[in-house]
Amino acid sequence: MPYGAQSRAVTPELGTVVQKLRDARNVLVLSGAGVSAESNIPTFRGEDGWWRSLNPAELATFAAFKRDPRLVWEWYDYRRGLIANASPNAGHRALAGLETPAREVFTVTQNVDDLHERAGSHQVVHIHGSIWEVICLKDGKTYEDRRVPLPGLPPTCACGGLLRPGVVWFGEALPATACAQVEDYFHKSWIDVALVIGTEATFSYIGDWALRAKRSGALLVEINPSPTVLTQYVDVKLEGKAGEILQEVKKGLSLNPGP
Ligand code: OAD
């Protein structure tokens, strides 16, 4: 039975995405905070992103850290607790399920959580760093620290230096290794489908990567309940929550494609 004959939620747009994914060999996923929203991790620009009446956009800066490292660490310690106790949602799981021996999925996430990996995704680049990493401001070393809560705030390194979270703050350069991995991917892959999910796409590099995939022939798809700066450029907009839509996509892929 062709996809759509059973499901009431299916739309022609969803059908197009399912058809294209079915034959795809390379899928690029550009994900943002909205993908983890259904795991109860607050987005940055949503109302729930505010913490103790502070705007995350003002906390996620080196200037804020220099002014009050303890306050900024309290916010990260709180987010580390949320992430440690969260589980991947249906959206993360459906994306991991897109990987098959014949279909490669490369995910570039702005999220500092590890929910894509915990859902089973194998190729994930964290373009804004990882909340589980810390960087010593004295000796420059980066290492993983998964303790929740951290025993003392702000945390310090064995060398006595102040530690900062291993994330990219506003105005900072992206990690060179992560950028090189994305560049390498673009050079060696023919992308069939690019899924932009749960992001405002306010950072120019996200829009650039999405449009670059489209220019090279990929079907550009946005999954988001709201319009974004990218919406006018996409081939298909699937309006709604990532978890719900990706589950529909997964259902579609598991059905017989028909004649
Ligand atoms: P934002 O918080 O700016 O935007 C979240 C997006 O997710 C919005 O477009 C929402 O409409 C959408 N959304 C909300 N719930 C959703 C759901 N259930 N399913 C799908 N989409 C949903 O997050 P990002 O665009 O990811 O960067 O930007 C976050 C980046 O900005 C962070 O990495 C951080 C931040 O400031 C830095 O710190 C450099």
# chains A, B, ... in the order shown; residues from 1 in each chain; ligands from 1
>>> residues_near_ligand(ligand="ligand 1", cutoff="9 Å", atoms="only C-alpha atoms and all ligand atoms", output="MDAnalysis selection string")
chainID A and resid 31:39 42:46 49 56:61 91 109:112 127:129 167:172 174 197:203 223:228 239:245
>>> select_by_dssp(residues="region 32-203 of chain A", states="strand (DSSP E)", output="MDAnalysis selection string")
chainID A and resid 104:109 124:126 129:136 142:144 163:167 193:197
>>> select_by_dssp(residues="region 171-221 of chain A", states="helix (DSSP H, G or I)", output="count of residues only")
25
>>> atom_distance(atom1="CA of Gly161 (chain A)", atom2="CA of Leu137 (chain A)")
6.0 Å
>>> atom_distance(atom1="CA of Gly207 (chain A)", atom2="CA of Ala178 (chain A)")
16.7 Å
>>> residues_around(residues="Thr107 (chain A)", least_positions_apart="2", cutoff="7 Å", atoms="only C-alpha atoms", output="PDB file with all heavy atoms, in the first residue's frame")
ATOM      1  N   LEU A  28      21.917  15.216   5.176  1.00  0.00           N
ATOM      2  CA  LEU A  28      22.521  16.183   6.096  1.00  0.00           C
ATOM      3  C   LEU A  28      21.434  16.672   7.040  1.00  0.00           C
ATOM      4  O   LEU A  28      20.348  17.060   6.604  1.00  0.00           O
ATOM      5  CB  LEU A  28      23.088  17.370   5.304  1.00  0.00           C
ATOM      6  CG  LEU A  28      23.534  18.585   6.123  1.00  0.00           C
ATOM      7  CD1 LEU A  28      24.739  18.243   7.008  1.00  0.00           C
ATOM      8  CD2 LEU A  28      23.885  19.763   5.203  1.00  0.00           C
ATOM      9  N   VAL A  29      21.735  16.646   8.342  1.00  0.00           N
ATOM     10  CA  VAL A  29      20.799  17.184   9.337  1.00  0.00           C
ATOM     11  C   VAL A  29      21.460  18.392   9.989  1.00  0.00           C
ATOM     12  O   VAL A  29      22.602  18.298  10.460  1.00  0.00           O
ATOM     13  CB  VAL A  29      20.464  16.117  10.420  1.00  0.00           C
ATOM     14  CG1 VAL A  29      19.628  16.730  11.540  1.00  0.00           C
ATOM     15  CG2 VAL A  29      19.735  14.926   9.799  1.00  0.00           C
ATOM     16  N   LEU A  30      20.759  19.532   9.974  1.00  0.00           N
ATOM     17  CA  LEU A  30      21.234  20.717  10.694  1.00  0.00           C
ATOM     18  C   LEU A  30      20.239  20.923  11.825  1.00  0.00           C
ATOM     19  O   LEU A  30      19.078  21.281  11.581  1.00  0.00           O
ATOM     20  CB  LEU A  30      21.259  21.941   9.768  1.00  0.00           C
ATOM     21  CG  LEU A  30      22.215  21.869   8.567  1.00  0.00           C
ATOM     22  CD1 LEU A  30      21.968  23.032   7.601  1.00  0.00           C
ATOM     23  CD2 LEU A  30      23.671  21.878   9.027  1.00  0.00           C
ATOM     24  N   VAL A 105      23.885   9.382   7.389  1.00  0.00           N
ATOM     25  CA  VAL A 105      23.294  10.606   7.945  1.00  0.00           C
ATOM     26  C   VAL A 105      24.379  11.358   8.706  1.00  0.00           C
ATOM     27  O   VAL A 105      25.036  10.796   9.583  1.00  0.00           O
ATOM     28  CB  VAL A 105      22.112  10.279   8.893  1.00  0.00           C
ATOM     29  CG1 VAL A 105      21.511  11.573   9.460  1.00  0.00           C
ATOM     30  CG2 VAL A 105      21.035   9.476   8.166  1.00  0.00           C
ATOM     31  N   THR A 109      24.977  19.771  14.718  1.00  0.00           N
ATOM     32  CA  THR A 109      24.045  20.319  15.699  1.00  0.00           C
ATOM     33  C   THR A 109      24.626  21.543  16.399  1.00  0.00           C
ATOM     34  O   THR A 109      25.822  21.613  16.662  1.00  0.00           O
ATOM     35  CB  THR A 109      23.616  19.245  16.735  1.00  0.00           C
ATOM     36  OG1 THR A 109      22.587  19.798  17.553  1.00  0.00           O
ATOM     37  CG2 THR A 109      24.772  18.775  17.608  1.00  0.00           C
ATOM     38  N   GLN A 123      27.273   9.947  13.378  1.00  0.00           N
ATOM     39  CA  GLN A 123      28.124  11.045  12.897  1.00  0.00           C
ATOM     40  C   GLN A 123      27.506  12.369  13.328  1.00  0.00           C
ATOM     41  O   GLN A 123      26.590  12.874  12.667  1.00  0.00           O
ATOM     42  CB  GLN A 123      28.204  11.021  11.381  1.00  0.00           C
ATOM     43  CG  GLN A 123      28.930   9.822  10.821  1.00  0.00           C
ATOM     44  CD  GLN A 123      29.220  10.055   9.350  1.00  0.00           C
ATOM     45  OE1 GLN A 123      30.145  10.763   8.990  1.00  0.00           O
ATOM     46  NE2 GLN A 123      28.406   9.472   8.499  1.00  0.00           N
ATOM     47  N   VAL A 124      27.992  12.905  14.437  1.00  0.00           N
ATOM     48  CA  VAL A 124      27.417  14.144  14.974  1.00  0.00           C
ATOM     49  C   VAL A 124      28.546  15.143  15.223  1.00  0.00           C
ATOM     50  O   VAL A 124      29.521  14.836  15.925  1.00  0.00           O
ATOM     51  CB  VAL A 124      26.667  13.884  16.307  1.00  0.00           C
ATOM     52  CG1 VAL A 124      26.000  15.177  16.801  1.00  0.00           C
ATOM     53  CG2 VAL A 124      25.626  12.785  16.152  1.00  0.00           C
ATOM     54  N   VAL A 125      28.419  16.312  14.622  1.00  0.00           N
ATOM     55  CA  VAL A 125      29.400  17.378  14.843  1.00  0.00           C
ATOM     56  C   VAL A 125      28.738  18.451  15.697  1.00  0.00           C
ATOM     57  O   VAL A 125      27.659  18.957  15.354  1.00  0.00           O
ATOM     58  CB  VAL A 125      29.861  17.977  13.492  1.00  0.00           C
ATOM     59  CG1 VAL A 125      30.738  19.199  13.724  1.00  0.00           C
ATOM     60  CG2 VAL A 125      30.616  16.941  12.683  1.00  0.00           C
TER      61      VAL A 125
END
>>> residues_around(residues="Leu162 (chain A)", least_positions_apart="6", cutoff="12 Å", atoms="only C-alpha atoms", output="PyMOL selection string")
chain A and resi 65-66+69-70+73+134-141+152-156
>>> residues_around(residues="Leu220 (chain A)", least_positions_apart="4", cutoff="9 Å", atoms="only C-alpha atoms", output="number ranges by chain")
A: 192-196, 210-211, 213-214, 233-237
>>> write_last_selection(atoms="C-alpha atoms", output="short mmCIF file (atom, residue, chain, number, x, y, z; two decimals), in the first residue's frame")
data_model
loop_
_atom_site.label_atom_id
_atom_site.label_comp_id
_atom_site.auth_asym_id
_atom_site.auth_seq_id
_atom_site.Cartn_x
_atom_site.Cartn_y
_atom_site.Cartn_z
CA ASP A 192 20.34 14.12 -1.42
CA VAL A 193 18.30 15.60 1.43
CA ALA A 194 19.09 18.35 3.95
CA LEU A 195 16.84 18.52 7.00
CA VAL A 196 16.96 21.77 9.00
CA ALA A 210 21.58 24.74 4.18
CA LEU A 211 21.68 26.76 0.95
CA ALA A 213 23.27 21.73 0.15
CA LYS A 214 20.29 22.98 -1.85
CA TYR A 233 14.31 29.34 0.71
CA VAL A 234 13.33 25.77 1.56
CA ASP A 235 11.78 23.30 -0.90
CA VAL A 236 9.51 21.81 1.73
CA LYS A 237 8.35 23.16 5.07
#
>>> residues_around(residues="Arg80 (chain A)", least_positions_apart="4", cutoff="12 Å", atoms="only C-alpha atoms", output="short mmCIF file (atom, residue, chain, number, x, y, z; two decimals) with N, CA, C and O atoms, in the first residue's frame")
data_model
loop_
_atom_site.label_atom_id
_atom_site.label_comp_id
_atom_site.auth_asym_id
_atom_site.auth_seq_id
_atom_site.Cartn_x
_atom_site.Cartn_y
_atom_site.Cartn_z
N ILE A 41 14.33 20.20 27.34
CA ILE A 41 15.49 21.09 27.43
C ILE A 41 15.02 22.43 26.84
O ILE A 41 14.65 22.48 25.66
N PRO A 42 15.01 23.49 27.64
CA PRO A 42 14.49 24.75 27.12
C PRO A 42 15.28 25.25 25.92
O PRO A 42 16.51 25.11 25.87
N TRP A 73 28.30 29.80 35.62
CA TRP A 73 28.44 28.37 35.91
C TRP A 73 27.17 27.81 36.56
O TRP A 73 26.81 26.64 36.35
N GLU A 74 26.50 28.62 37.38
CA GLU A 74 25.25 28.13 38.00
C GLU A 74 24.23 27.80 36.92
O GLU A 74 23.52 26.81 37.00
N TRP A 75 24.20 28.64 35.88
CA TRP A 75 23.27 28.40 34.78
C TRP A 75 23.67 27.12 34.03
O TRP A 75 22.84 26.26 33.74
N TYR A 76 24.97 26.97 33.75
CA TYR A 76 25.41 25.75 33.04
C TYR A 76 25.23 24.51 33.91
O TYR A 76 24.87 23.44 33.40
N ALA A 84 21.40 15.77 31.86
CA ALA A 84 21.74 14.46 32.42
C ALA A 84 20.47 13.65 32.69
O ALA A 84 20.44 12.44 32.54
N ASN A 85 19.41 14.36 33.10
CA ASN A 85 18.17 13.66 33.44
C ASN A 85 17.21 13.51 32.26
O ASN A 85 16.16 12.91 32.39
N ALA A 86 17.57 14.08 31.12
CA ALA A 86 16.69 14.01 29.95
C ALA A 86 16.97 12.74 29.15
O ALA A 86 18.05 12.15 29.26
N VAL A 112 24.39 21.68 22.58
CA VAL A 112 25.55 21.25 23.37
C VAL A 112 25.22 19.99 24.17
O VAL A 112 26.06 19.48 24.90
N ASP A 113 23.98 19.52 24.04
CA ASP A 113 23.63 18.25 24.71
C ASP A 113 24.09 17.08 23.83
O ASP A 113 24.55 17.28 22.70
N ASP A 114 23.95 15.87 24.37
CA ASP A 114 24.42 14.69 23.64
C ASP A 114 23.26 13.75 23.29
O ASP A 114 23.44 12.55 23.19
N SER A 130 30.40 21.25 23.50
CA SER A 130 29.69 20.27 24.31
C SER A 130 29.60 20.76 25.75
O SER A 130 30.59 21.24 26.31
N ILE A 131 28.43 20.58 26.34
CA ILE A 131 28.25 21.02 27.73
C ILE A 131 29.04 20.13 28.70
O ILE A 131 29.27 20.50 29.84
N TRP A 132 29.49 18.96 28.22
CA TRP A 132 30.23 18.04 29.09
C TRP A 132 31.74 18.30 29.05
O TRP A 132 32.50 17.62 29.72
N GLU A 133 32.14 19.28 28.26
CA GLU A 133 33.57 19.61 28.22
C GLU A 133 33.85 20.88 29.01
O GLU A 133 33.00 21.77 29.10
N ASP A 145 34.03 16.47 31.74
CA ASP A 145 33.64 16.37 33.15
C ASP A 145 32.13 16.21 33.19
O ASP A 145 31.39 17.14 32.87
N ARG A 146 31.67 15.02 33.54
CA ARG A 146 30.22 14.73 33.50
C ARG A 146 29.58 14.77 34.88
O ARG A 146 28.45 14.32 35.06
N ARG A 147 30.30 15.30 35.87
CA ARG A 147 29.72 15.32 37.22
C ARG A 147 28.53 16.28 37.28
O ARG A 147 28.61 17.40 36.80
N VAL A 148 27.44 15.81 37.90
CA VAL A 148 26.24 16.63 38.06
C VAL A 148 25.70 16.44 39.47
O VAL A 148 25.41 15.32 39.85
N PRO A 149 25.59 17.48 40.29
CA PRO A 149 26.11 18.81 40.02
C PRO A 149 27.62 18.84 40.20
O PRO A 149 28.19 17.92 40.80
N LEU A 150 28.25 19.88 39.69
CA LEU A 150 29.69 20.04 39.91
C LEU A 150 29.93 20.32 41.39
O LEU A 150 29.12 21.01 42.03
N PRO A 165 33.00 26.56 30.55
CA PRO A 165 32.32 25.50 29.79
C PRO A 165 32.90 25.40 28.38
O PRO A 165 33.27 26.41 27.79
#
>>> residues_around(residues="Arg118 (chain A)", least_positions_apart="3", cutoff="8 Å", atoms="only C-alpha atoms", output="list in words")
Ser87, Pro88, Asp114, Leu115 and Ser121 of chain A
>>> write_last_selection(atoms="all heavy atoms", output="PDB file, in the first residue's frame")
ATOM      1  N   SER A  87      16.000  12.373  28.337  1.00  0.00           N
ATOM      2  CA  SER A  87      16.191  11.228  27.431  1.00  0.00           C
ATOM      3  C   SER A  87      15.953  11.699  26.010  1.00  0.00           C
ATOM      4  O   SER A  87      15.172  12.626  25.782  1.00  0.00           O
ATOM      5  CB  SER A  87      15.185  10.124  27.733  1.00  0.00           C
ATOM      6  OG  SER A  87      15.353   9.698  29.048  1.00  0.00           O
ATOM      7  N   PRO A  88      16.590  11.036  25.057  1.00  0.00           N
ATOM      8  CA  PRO A  88      16.308  11.376  23.658  1.00  0.00           C
ATOM      9  C   PRO A  88      14.812  11.216  23.385  1.00  0.00           C
ATOM     10  O   PRO A  88      14.174  10.322  23.946  1.00  0.00           O
ATOM     11  CB  PRO A  88      17.112  10.338  22.872  1.00  0.00           C
ATOM     12  CG  PRO A  88      18.130   9.808  23.820  1.00  0.00           C
ATOM     13  CD  PRO A  88      17.544   9.937  25.193  1.00  0.00           C
ATOM     14  N   ASP A 114      23.954  15.868  24.374  1.00  0.00           N
ATOM     15  CA  ASP A 114      24.418  14.688  23.636  1.00  0.00           C
ATOM     16  C   ASP A 114      23.261  13.752  23.292  1.00  0.00           C
ATOM     17  O   ASP A 114      23.436  12.548  23.194  1.00  0.00           O
ATOM     18  CB  ASP A 114      25.494  13.946  24.451  1.00  0.00           C
ATOM     19  CG  ASP A 114      25.027  13.616  25.867  1.00  0.00           C
ATOM     20  OD1 ASP A 114      23.892  14.012  26.235  1.00  0.00           O
ATOM     21  OD2 ASP A 114      25.778  12.961  26.608  1.00  0.00           O
ATOM     22  N   LEU A 115      22.068  14.344  23.097  1.00  0.00           N
ATOM     23  CA  LEU A 115      20.890  13.495  22.895  1.00  0.00           C
ATOM     24  C   LEU A 115      20.873  12.806  21.524  1.00  0.00           C
ATOM     25  O   LEU A 115      20.340  11.704  21.394  1.00  0.00           O
ATOM     26  CB  LEU A 115      19.603  14.293  23.133  1.00  0.00           C
ATOM     27  CG  LEU A 115      19.430  14.781  24.589  1.00  0.00           C
ATOM     28  CD1 LEU A 115      18.168  15.608  24.744  1.00  0.00           C
ATOM     29  CD2 LEU A 115      19.397  13.602  25.561  1.00  0.00           C
ATOM     30  N   SER A 121      22.692   8.148  16.932  1.00  0.00           N
ATOM     31  CA  SER A 121      23.299   8.755  15.736  1.00  0.00           C
ATOM     32  C   SER A 121      24.816   8.601  15.831  1.00  0.00           C
ATOM     33  O   SER A 121      25.401   8.811  16.899  1.00  0.00           O
ATOM     34  CB  SER A 121      22.933  10.240  15.638  1.00  0.00           C
ATOM     35  OG  SER A 121      21.581  10.376  15.271  1.00  0.00           O
TER      36      SER A 121
END
>>> atom_distance(atom1="CA of Val221 (chain A)", atom2="CA of Asp184 (chain A)")
21.9 Å
>>> closest_residue(among="A:Leu230, A:Ala218, A:Cys157, A:Val182", to="Lys20 (chain A)", atoms="only C-alpha atoms")
A:Ala218
>>> closest_residue(among="A:Arg79, A:Asp48, A:Ala173, A:Ala180", to="Phe62 (chain A)", atoms="only C-alpha atoms")
A:Ala173
>>> closest_residue(among="A:Ala64, A:Ala102, A:Ile83, A:Val229", to="His116 (chain A)", atoms="only C-alpha atoms")
A:Ile83
